[in-house]
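Below is the file coords_11.pdb, which contains PDB, C-alpha atoms, pLDDT in the B column.
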```
MODEL        1
ATOM      1  CA  MET A   1      79.477 182.878 109.652  1.00 57.00           C
ATOM      2  CA  LYS A   2      83.206 183.535 109.894  1.00 64.00           C
ATOM      3  CA  ALA A   3      84.770 181.306 112.510  1.00 70.00           C
ATOM      4  CA  GLU A   4      87.111 182.818 115.078  1.00 92.00           C
ATOM      5  CA  SER A   5      90.562 181.370 115.486  1.00 93.00           C
ATOM      6  CA  GLN A   6      89.675 179.969 118.925  1.00 95.00           C
ATOM      7  CA  LEU A   7      86.784 178.041 117.433  1.00 97.00           C
ATOM      8  CA  LEU A   8      88.910 176.750 114.560  1.00 97.00           C
ATOM      9  CA  SER A   9      91.482 175.625 117.108  1.00 97.00           C
ATOM     10  CA  ARG A  10      88.856 173.815 119.182  1.00 97.00           C
ATOM     11  CA  MET A  11      87.562 172.074 116.081  1.00 98.00           C
ATOM     12  CA  TYR A  12      91.068 171.027 115.034  1.00 98.00           C
ATOM     13  CA  HIS A  13      91.582 169.520 118.477  1.00 98.00           C
ATOM     14  CA  ALA A  14      88.205 167.763 118.398  1.00 98.00           C
ATOM     15  CA  ILE A  15      88.981 166.164 115.039  1.00 98.00           C
ATOM     16  CA  MET A  16      92.466 165.065 116.065  1.00 98.00           C
ATOM     17  CA  SER A  17      91.151 163.656 119.339  1.00 98.00           C
ATOM     18  CA  GLY A  18      88.395 161.880 117.420  1.00 97.00           C
ATOM     19  CA  PHE A  19      90.930 160.187 115.192  1.00 98.00           C
ATOM     20  CA  VAL A  20      92.968 159.038 118.178  1.00 98.00           C
ATOM     21  CA  ARG A  21      89.857 157.715 119.916  1.00 97.00           C
ATOM     22  CA  ASP A  22      87.941 156.176 117.003  1.00 96.00           C
ATOM     23  CA  GLY A  23      90.373 155.772 114.107  1.00 96.00           C
ATOM     24  CA  ARG A  24      88.311 158.075 111.894  1.00 96.00           C
ATOM     25  CA  ALA A  25      87.256 161.700 111.692  1.00 97.00           C
ATOM     26  CA  PRO A  26      84.109 162.810 113.498  1.00 98.00           C
ATOM     27  CA  HIS A  27      81.212 163.921 111.281  1.00 98.00           C
ATOM     28  CA  TYR A  28      80.353 167.627 111.495  1.00 98.00           C
ATOM     29  CA  THR A  29      77.143 166.817 113.364  1.00 98.00           C
ATOM     30  CA  ASP A  30      79.261 165.149 116.037  1.00 98.00           C
ATOM     31  CA  LEU A  31      81.564 168.182 116.047  1.00 98.00           C
ATOM     32  CA  ALA A  32      78.511 170.434 116.500  1.00 98.00           C
ATOM     33  CA  HIS A  33      77.521 168.440 119.557  1.00 97.00           C
ATOM     34  CA  ARG A  34      81.016 168.379 121.039  1.00 97.00           C
ATOM     35  CA  LEU A  35      81.658 172.082 120.435  1.00 97.00           C
ATOM     36  CA  ASP A  36      78.171 173.281 121.310  1.00 97.00           C
ATOM     37  CA  LEU A  37      77.581 174.682 117.827  1.00 97.00           C
ATOM     38  CA  GLY A  38      74.632 174.715 115.493  1.00 97.00           C
ATOM     39  CA  ILE A  39      74.919 172.014 112.877  1.00 97.00           C
ATOM     40  CA  GLU A  40      75.321 174.407 109.943  1.00 97.00           C
ATOM     41  CA  ASP A  41      77.847 176.489 111.879  1.00 96.00           C
ATOM     42  CA  ALA A  42      79.864 173.320 112.484  1.00 97.00           C
ATOM     43  CA  ARG A  43      79.752 172.409 108.805  1.00 98.00           C
ATOM     44  CA  GLN A  44      80.933 175.864 107.730  1.00 97.00           C
ATOM     45  CA  THR A  45      83.651 175.936 110.382  1.00 97.00           C
ATOM     46  CA  LEU A  46      84.902 172.572 109.151  1.00 98.00           C
ATOM     47  CA  HIS A  47      85.225 173.958 105.622  1.00 97.00           C
ATOM     48  CA  GLU A  48      87.095 177.022 106.934  1.00 97.00           C
ATOM     49  CA  LEU A  49      89.455 174.810 108.895  1.00 97.00           C
ATOM     50  CA  ILE A  50      90.225 172.664 105.876  1.00 96.00           C
ATOM     51  CA  LYS A  51      90.928 175.764 103.771  1.00 94.00           C
ATOM     52  CA  MET A  52      93.684 176.906 106.132  1.00 94.00           C
ATOM     53  CA  GLY A  53      96.341 175.072 104.128  1.00 89.00           C
ATOM     54  CA  LEU A  54      97.379 172.349 106.536  1.00 94.00           C
ATOM     55  CA  PRO A  55      97.711 168.808 105.117  1.00 94.00           C
ATOM     56  CA  THR A  56      93.993 168.109 105.460  1.00 96.00           C
ATOM     57  CA  TRP A  57      91.247 167.641 102.892  1.00 96.00           C
ATOM     58  CA  LEU A  58      87.635 166.656 102.391  1.00 97.00           C
ATOM     59  CA  ALA A  59      86.376 164.001 100.013  1.00 95.00           C
ATOM     60  CA  PRO A  60      85.613 165.948  96.803  1.00 94.00           C
ATOM     61  CA  ASN A  61      82.245 167.744  96.832  1.00 95.00           C
ATOM     62  CA  THR A  62      81.357 166.479 100.299  1.00 97.00           C
ATOM     63  CA  ASP A  63      81.545 167.527 103.952  1.00 97.00           C
ATOM     64  CA  TYR A  64      83.434 164.361 104.901  1.00 97.00           C
ATOM     65  CA  VAL A  65      86.970 164.621 106.259  1.00 97.00           C
ATOM     66  CA  ALA A  66      88.989 162.323 104.033  1.00 96.00           C
ATOM     67  CA  SER A  67      92.419 163.013 105.452  1.00 97.00           C
ATOM     68  CA  PHE A  68      93.774 164.960 108.408  1.00 97.00           C
ATOM     69  CA  ALA A  69      97.514 164.644 108.913  1.00 96.00           C
ATOM     70  CA  PRO A  70      98.815 162.319 110.162  1.00 97.00           C
ATOM     71  CA  PHE A  71      95.627 160.241 109.808  1.00 98.00           C
ATOM     72  CA  SER A  72      93.327 159.184 106.992  1.00 97.00           C
ATOM     73  CA  SER A  73      89.641 158.323 107.254  1.00 96.00           C
ATOM     74  CA  LEU A  74      89.941 156.412 104.005  1.00 95.00           C
ATOM     75  CA  PRO A  75      91.877 153.180 104.087  1.00 96.00           C
ATOM     76  CA  THR A  76      95.426 153.657 102.844  1.00 97.00           C
ATOM     77  CA  GLN A  77      98.171 151.065 102.549  1.00 97.00           C
ATOM     78  CA  TYR A  78      99.633 152.401 105.826  1.00 98.00           C
ATOM     79  CA  LEU A  79      98.002 150.339 108.557  1.00 98.00           C
ATOM     80  CA  VAL A  80      98.705 151.586 112.062  1.00 98.00           C
ATOM     81  CA  SER A  81      98.284 149.451 115.160  1.00 98.00           C
ATOM     82  CA  VAL A  82      98.446 150.603 118.760  1.00 97.00           C
ATOM     83  CA  ASP A  83      99.020 147.998 121.447  1.00 91.00           C
ATOM     84  CA  GLY A  84      98.356 145.348 118.823  1.00 91.00           C
ATOM     85  CA  GLN A  85      95.019 146.780 117.692  1.00 95.00           C
ATOM     86  CA  GLN A  86      94.811 147.949 114.062  1.00 96.00           C
ATOM     87  CA  ARG A  87      92.256 150.762 113.875  1.00 96.00           C
ATOM     88  CA  TRP A  88      94.098 153.612 112.182  1.00 98.00           C
ATOM     89  CA  TYR A  89      95.376 154.525 108.728  1.00 98.00           C
ATOM     90  CA  ALA A  90      98.201 156.973 108.119  1.00 98.00           C
ATOM     91  CA  GLN A  91      97.754 159.741 105.580  1.00 96.00           C
ATOM     92  CA  CYS A  92     101.000 158.708 103.860  1.00 96.00           C
ATOM     93  CA  GLY A  93     104.253 156.939 104.532  1.00 96.00           C
ATOM     94  CA  PHE A  94     105.971 160.046 105.863  1.00 95.00           C
ATOM     95  CA  GLU A  95     103.143 161.039 108.188  1.00 96.00           C
ATOM     96  CA  SER A  96     102.981 157.492 109.538  1.00 97.00           C
ATOM     97  CA  LEU A  97     106.241 158.384 111.327  1.00 97.00           C
ATOM     98  CA  ALA A  98     104.442 161.151 113.265  1.00 97.00           C
ATOM     99  CA  ILE A  99     101.626 159.032 114.664  1.00 97.00           C
ATOM    100  CA  SER A 100     103.418 157.697 117.724  1.00 97.00           C
ATOM    101  CA  TRP A 101     103.356 161.209 119.258  1.00 97.00           C
ATOM    102  CA  LEU A 102      99.566 160.944 119.444  1.00 98.00           C
ATOM    103  CA  PHE A 103      99.763 157.775 121.550  1.00 98.00           C
ATOM    104  CA  PRO A 104     102.296 158.729 124.220  1.00 97.00           C
ATOM    105  CA  GLY A 105     103.870 155.864 126.084  1.00 96.00           C
ATOM    106  CA  LYS A 106     102.468 153.267 123.711  1.00 97.00           C
ATOM    107  CA  GLU A 107     104.124 151.167 121.059  1.00 96.00           C
ATOM    108  CA  ILE A 108     102.769 151.649 117.581  1.00 97.00           C
ATOM    109  CA  ARG A 109     103.288 149.490 114.550  1.00 98.00           C
ATOM    110  CA  ILE A 110     103.147 150.530 110.897  1.00 98.00           C
ATOM    111  CA  ASP A 111     102.547 147.815 108.322  1.00 98.00           C
ATOM    112  CA  CYS A 112     102.518 148.518 104.615  1.00 98.00           C
ATOM    113  CA  PRO A 113     103.448 146.941 101.308  1.00 98.00           C
ATOM    114  CA  CYS A 114     106.342 148.204  99.194  1.00 97.00           C
ATOM    115  CA  LEU A 115     104.736 149.800  96.128  1.00 96.00           C
ATOM    116  CA  ASP A 116     107.398 148.272  93.881  1.00 96.00           C
ATOM    117  CA  CYS A 117     107.339 144.616  94.894  1.00 97.00           C
ATOM    118  CA  GLY A 118     104.376 144.271  97.257  1.00 97.00           C
ATOM    119  CA  GLU A 119     106.521 142.722  99.973  1.00 97.00           C
ATOM    120  CA  ARG A 120     105.839 143.802 103.550  1.00 98.00           C
ATOM    121  CA  ILE A 121     107.443 146.642 105.441  1.00 98.00           C
ATOM    122  CA  ASN A 122     107.096 146.672 109.230  1.00 98.00           C
ATOM    123  CA  ILE A 123     108.063 149.505 111.547  1.00 98.00           C
ATOM    124  CA  ARG A 124     107.685 149.774 115.321  1.00 98.00           C
ATOM    125  CA  MET A 125     107.887 153.122 117.120  1.00 97.00           C
ATOM    126  CA  HIS A 126     107.534 154.515 120.613  1.00 97.00           C
ATOM    127  CA  ASP A 127     107.238 158.247 121.375  1.00 96.00           C
ATOM    128  CA  GLY A 128     108.866 159.241 118.104  1.00 95.00           C
ATOM    129  CA  ARG A 129     111.694 156.714 118.385  1.00 96.00           C
ATOM    130  CA  LEU A 130     112.230 153.910 115.899  1.00 97.00           C
ATOM    131  CA  LEU A 131     112.332 150.575 117.728  1.00 97.00           C
ATOM    132  CA  ALA A 132     112.565 148.265 114.721  1.00 97.00           C
ATOM    133  CA  VAL A 133     112.504 148.525 110.942  1.00 97.00           C
ATOM    134  CA  ASP A 134     112.082 145.488 108.710  1.00 97.00           C
ATOM    135  CA  PRO A 135     113.823 145.404 106.339  1.00 97.00           C
ATOM    136  CA  PRO A 136     116.470 147.802 107.700  1.00 97.00           C
ATOM    137  CA  THR A 137     116.968 149.255 104.202  1.00 97.00           C
ATOM    138  CA  VAL A 138     113.542 150.997 104.138  1.00 98.00           C
ATOM    139  CA  VAL A 139     113.485 154.468 102.596  1.00 97.00           C
ATOM    140  CA  GLY A 140     110.893 157.161 102.087  1.00 97.00           C
ATOM    141  CA  HIS A 141     110.280 158.849  98.765  1.00 96.00           C
ATOM    142  CA  VAL A 142     108.415 161.963  97.689  1.00 93.00           C
ATOM    143  CA  SER A 143     107.892 162.737  94.008  1.00 91.00           C
ATOM    144  CA  LEU A 144     107.418 166.492  94.329  1.00 89.00           C
ATOM    145  CA  PRO A 145     109.879 169.112  95.593  1.00 89.00           C
ATOM    146  CA  ALA A 146     108.984 170.602  98.987  1.00 86.00           C
ATOM    147  CA  TRP A 147     107.973 173.970  97.564  1.00 85.00           C
ATOM    148  CA  ARG A 148     105.171 172.237  95.614  1.00 84.00           C
ATOM    149  CA  TRP A 149     103.717 170.167  98.452  1.00 83.00           C
ATOM    150  CA  ARG A 150     101.037 172.683  99.388  1.00 79.00           C
ATOM    151  CA  GLU A 151      99.675 172.913  95.825  1.00 78.00           C
ATOM    152  CA  ASN A 152      97.776 169.687  96.324  1.00 77.00           C
ATOM    153  CA  TRP A 153      98.304 167.774  99.553  1.00 78.00           C
ATOM    154  CA  ALA A 154      96.405 164.717  98.340  1.00 77.00           C
ATOM    155  CA  HIS A 155      98.627 164.402  95.280  1.00 75.00           C
ATOM    156  CA  THR A 156     101.780 165.005  97.309  1.00 72.00           C
TER     157      THR A 156
ATOM    158  CA  MET B 157     105.094 160.279 100.168  1.00 92.00           C
ATOM    159  CA  ASN B 158     105.585 156.572 100.287  1.00 95.00           C
ATOM    160  CA  LEU B 159     107.777 153.948 101.909  1.00 97.00           C
ATOM    161  CA  PHE B 160     109.778 151.379  99.947  1.00 98.00           C
ATOM    162  CA  ARG B 161     111.950 148.458 100.943  1.00 98.00           C
ATOM    163  CA  SER B 162     115.045 150.217  99.553  1.00 97.00           C
ATOM    164  CA  GLY B 163     116.201 152.934  97.178  1.00 96.00           C
ATOM    165  CA  GLU B 164     116.415 150.327  94.424  1.00 96.00           C
ATOM    166  CA  HIS B 165     112.737 149.572  94.907  1.00 97.00           C
ATOM    167  CA  VAL B 166     111.905 153.283  94.502  1.00 97.00           C
ATOM    168  CA  ARG B 167     113.821 153.404  91.231  1.00 96.00           C
ATOM    169  CA  GLY B 168     112.096 150.232  90.073  1.00 96.00           C
ATOM    170  CA  TRP B 169     108.610 151.574  90.866  1.00 96.00           C
ATOM    171  CA  ASN B 170     106.570 152.057  87.696  1.00 96.00           C
ATOM    172  CA  LEU B 171     105.550 155.594  88.793  1.00 95.00           C
ATOM    173  CA  PHE B 172     109.081 156.717  89.686  1.00 95.00           C
ATOM    174  CA  GLU B 173     110.106 159.981  88.076  1.00 92.00           C
ATOM    175  CA  PRO B 174     113.895 160.255  87.619  1.00 88.00           C
ATOM    176  CA  GLY B 175     113.806 163.936  88.629  1.00 90.00           C
ATOM    177  CA  SER B 176     112.641 162.894  92.067  1.00 92.00           C
ATOM    178  CA  GLU B 177     115.850 161.012  92.929  1.00 92.00           C
ATOM    179  CA  PRO B 178     116.659 163.601  95.668  1.00 92.00           C
ATOM    180  CA  GLY B 179     113.289 162.728  97.188  1.00 94.00           C
ATOM    181  CA  ILE B 180     114.632 159.372  98.382  1.00 95.00           C
ATOM    182  CA  ARG B 181     115.718 159.552 102.029  1.00 95.00           C
ATOM    183  CA  PRO B 182     116.615 156.912 104.636  1.00 96.00           C
ATOM    184  CA  LEU B 183     113.851 156.113 107.092  1.00 96.00           C
ATOM    185  CA  GLY B 184     115.913 157.121 110.120  1.00 95.00           C
ATOM    186  CA  GLU B 185     116.447 160.619 108.743  1.00 94.00           C
ATOM    187  CA  LEU B 186     112.749 160.983 108.022  1.00 95.00           C
ATOM    188  CA  ALA B 187     111.910 159.828 111.534  1.00 95.00           C
ATOM    189  CA  THR B 188     114.161 162.598 112.866  1.00 95.00           C
ATOM    190  CA  LEU B 189     112.264 165.160 110.784  1.00 94.00           C
ATOM    191  CA  PHE B 190     109.040 164.024 112.407  1.00 95.00           C
ATOM    192  CA  THR B 191     110.337 164.798 115.878  1.00 95.00           C
ATOM    193  CA  LEU B 192     109.878 168.529 115.202  1.00 96.00           C
ATOM    194  CA  PRO B 193     107.366 170.391 117.412  1.00 96.00           C
ATOM    195  CA  ARG B 194     105.064 170.789 114.396  1.00 96.00           C
ATOM    196  CA  TYR B 195     104.520 167.024 114.485  1.00 96.00           C
ATOM    197  CA  ARG B 196     104.974 166.358 118.216  1.00 96.00           C
ATOM    198  CA  GLU B 197     102.411 168.815 119.501  1.00 96.00           C
ATOM    199  CA  ARG B 198      99.375 167.966 117.406  1.00 97.00           C
ATOM    200  CA  LEU B 199      97.314 166.870 120.381  1.00 96.00           C
ATOM    201  CA  ALA B 200      97.844 170.142 122.256  1.00 97.00           C
ATOM    202  CA  PRO B 201      94.491 171.916 122.697  1.00 96.00           C
ATOM    203  CA  ASP B 202      95.943 175.144 121.287  1.00 96.00           C
ATOM    204  CA  TYR B 203      97.951 173.521 118.495  1.00 97.00           C
ATOM    205  CA  LEU B 204      96.270 175.394 115.685  1.00 97.00           C
ATOM    206  CA  LEU B 205      96.865 178.750 117.376  1.00 96.00           C
ATOM    207  CA  ARG B 206     100.586 177.953 117.645  1.00 96.00           C
ATOM    208  CA  VAL B 207     101.188 176.006 114.441  1.00 95.00           C
ATOM    209  CA  THR B 208     103.119 178.824 112.751  1.00 95.00           C
ATOM    210  CA  GLU B 209     105.459 179.113 115.720  1.00 96.00           C
ATOM    211  CA  LEU B 210     105.727 175.326 115.998  1.00 96.00           C
ATOM    212  CA  SER B 211     106.679 175.088 112.318  1.00 94.00           C
ATOM    213  CA  ARG B 212     109.555 177.568 112.550  1.00 94.00           C
ATOM    214  CA  ASP B 213     112.191 174.811 112.461  1.00 94.00           C
ATOM    215  CA  LEU B 214     110.705 173.025 109.466  1.00 93.00           C
ATOM    216  CA  PRO B 215     112.493 174.786 106.555  1.00 91.00           C
ATOM    217  CA  ALA B 216     115.933 174.282 108.127  1.00 91.00           C
ATOM    218  CA  ALA B 217     115.155 170.671 109.011  1.00 92.00           C
ATOM    219  CA  LEU B 218     114.083 169.982 105.425  1.00 92.00           C
ATOM    220  CA  GLU B 219     117.272 171.557 104.126  1.00 89.00           C
ATOM    221  CA  ARG B 220     119.336 169.320 106.420  1.00 89.00           C
ATOM    222  CA  LEU B 221     117.327 166.283 105.341  1.00 87.00           C
ATOM    223  CA  GLY B 222     117.932 167.106 101.689  1.00 84.00           C
ATOM    224  CA  ARG B 223     121.619 167.996 102.133  1.00 83.00           C
ATOM    225  CA  SER B 224     120.744 171.507 100.867  1.00 78.00           C
ATOM    226  CA  SER B 225     119.218 170.153  97.647  1.00 86.00           C
ATOM    227  CA  PRO B 226     116.733 172.631  96.104  1.00 87.00           C
ATOM    228  CA  PHE B 227     114.318 169.685  96.017  1.00 89.00           C
ATOM    229  CA  TRP B 228     113.807 170.024  99.785  1.00 90.00           C
ATOM    230  CA  ARG B 229     113.485 173.812  99.937  1.00 89.00           C
ATOM    231  CA  MET B 230     110.075 175.262 100.730  1.00 85.00           C
ATOM    232  CA  THR B 231     110.609 178.192  98.386  1.00 86.00           C
ATOM    233  CA  PRO B 232     110.656 177.756  94.599  1.00 83.00           C
ATOM    234  CA  PRO B 233     113.955 178.170  92.742  1.00 79.00           C
ATOM    235  CA  GLU B 234     114.433 181.615  91.208  1.00 76.00           C
TER     236      GLU B 234
ENDMDL
END
```
Translate this file's structure into structure tokens.
Amino acid sequence: MKAESQLLSRMYHAIMSGFVRDGRAPHYTDLAHRLDLGIEDARQTLHELIKMGLPTWLAPNTDYVASFAPFSSLPTQYLVSVDGQQRWYAQCGFESLAISWLFPGKEIRIDCPCLDCGERINIRMHDGRLLAVDPPTVVGHVSLPAWRWRENWAHT
Amino acid sequence: MNLFRSGEHVRGWNLFEPGSEPGIRPLGELATLFTLPRYRERLAPDYLLRVTELSRDLPAALERLGRSSPFWRMTPPE
């Protein structure tokens, strides 16, 4: 089965909506149910979607969505809270800054440790706007140049 | 792509590679990058169908973020 672009788009939306709702990616059997697909068709469509080159990936040698920008199904150090409830993990520090768009009108909080010293970093955002950053000196860092990001999103 | 308490903390990180110094950017500038349509529109039902169009501004925004450093270009140096 070769999935059509409309189906890939519907699956992308179902996964993103699932993350917003549940804090984790839906399993492909759930996607089959939501998209009215056969279970194997859903599994194959998921693999096609992941191969498109967006910052998404499966856990190695599985059908489980490990990461789907800006979210992660696996716990990362980037804890995201919405209205005081911590249920989400950001894919990385940079993508954590994109999560507030998925919760319009709500305040989100990002809590993470500094990888150098382990001390806390706290950020509050609302519809893409920074409300507070503690400490105010926080920076982001990427080890690879931009032209190499797509080689291996997980490593980037 | 990680967050640190300051640039000094990045440089003190045991996995820091000196060649990645241009990869350190202030949080406010990164937050501006993530206001692009590519990041804002992810919940749109037709996002995937439009992602190429929505990403059109990304290369220029990365160049601005990196002050034209080759480190932030999406094409490899010649």
(Q) Which residues would end up in the selection if the ChimeraX specification (/B :<6) & /A were applied here, given that I need the answer as an MDAnalysis selection string? (A) chainID A and resid 9 13 92:94 97:98 101 114 116 137:143 145:147
What box, with edges along x, y and z, holds each listed atom of region 206-215 of chain B when 4 Å is added on every side, and can you state its centre and edge lengths in Å to one decimal, as lines of an AutoDock Vina configuration file?
```
center_x = 106.5
center_y = 176.1
center_z = 112.1
size_x = 19.9
size_y = 14.1
size_z = 19.1
```
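In this comparison, which uses all atoms listed in the file, the residue of A:Tyr64, A:Phe19, A:Trp153, A:Phe103 approaching Arg87 (chain A) most closely is A:Phe19.
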Q: Take CA of Leu58 (chain A) and CA of Ile110 (chain A) and report the distance between them in Å, one decimal.
A: 23.9 Å
Q: Would you write out, as an NGL selection string, every residue that the PyMOL selection byres ((chain A and resi 152) around 12) captures in this file?
A: :A and (51 or 53-57 or 144 or 146-151 or 153-156)
Would you export the selected residues with C-alpha atoms as an mmCIF file, keeping the file's coordinate frame, please?
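Saved the output as again_33.cif:
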```cif
data_model
loop_
_atom_site.group_PDB
_atom_site.id
_atom_site.type_symbol
_atom_site.label_atom_id
_atom_site.label_comp_id
_atom_site.auth_asym_id
_atom_site.auth_seq_id
_atom_site.Cartn_x
_atom_site.Cartn_y
_atom_site.Cartn_z
ATOM 1 C CA LYS A 51 90.928 175.764 103.771
ATOM 2 C CA GLY A 53 96.341 175.072 104.128
ATOM 3 C CA LEU A 54 97.379 172.349 106.536
ATOM 4 C CA PRO A 55 97.711 168.808 105.117
ATOM 5 C CA THR A 56 93.993 168.109 105.460
ATOM 6 C CA TRP A 57 91.247 167.641 102.892
ATOM 7 C CA LEU A 144 107.418 166.492 94.329
ATOM 8 C CA ALA A 146 108.984 170.602 98.987
ATOM 9 C CA TRP A 147 107.973 173.970 97.564
ATOM 10 C CA ARG A 148 105.171 172.237 95.614
ATOM 11 C CA TRP A 149 103.717 170.167 98.452
ATOM 12 C CA ARG A 150 101.037 172.683 99.388
ATOM 13 C CA GLU A 151 99.675 172.913 95.825
ATOM 14 C CA TRP A 153 98.304 167.774 99.553
ATOM 15 C CA ALA A 154 96.405 164.717 98.340
ATOM 16 C CA HIS A 155 98.627 164.402 95.280
ATOM 17 C CA THR A 156 101.780 165.005 97.309
#
```
Q: One decimal, Å: what's the distance from CA of Asp127 (chain A) over to CA of Val65 (chain A), could you say?
A: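 Result for CA of Asp127 (chain A) versus CA of Val65 (chain A): 26.1 Å, one decimal.
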**Q.** Point-to-point distance in Å for CA of Tyr89 (chain A) and CA of Ile108 (chain A)
**A.** 11.9 Å
Q: For Leu46 (chain A), please output as a ChimeraX atom specification all residues within 10 Å (counting only C-alpha atoms; exclusion window: fewer than 5 positions along the same chain).
A: /A:3,8,11-12,15,27-28,31-32,40-41,51,58,63-65
Q: Find the spatial neighbours of Gly23 (chain A), counting only C-alpha atoms, within a cut-off of 10 Å - ignore same-chain residues fewer than 4 positions away - and output them as an MDAnalysis selection string.
A: chainID A and resid 16:19 71:73 80 86:90
Q: Counting all atoms listed in the file, figure out which residue out of A:Pro104, A:Pro135, A:His33, A:Gln6 gets nearest to Glu119 (chain A).
A: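 For Glu119 (chain A), the nearest of the candidates is A:Pro135.
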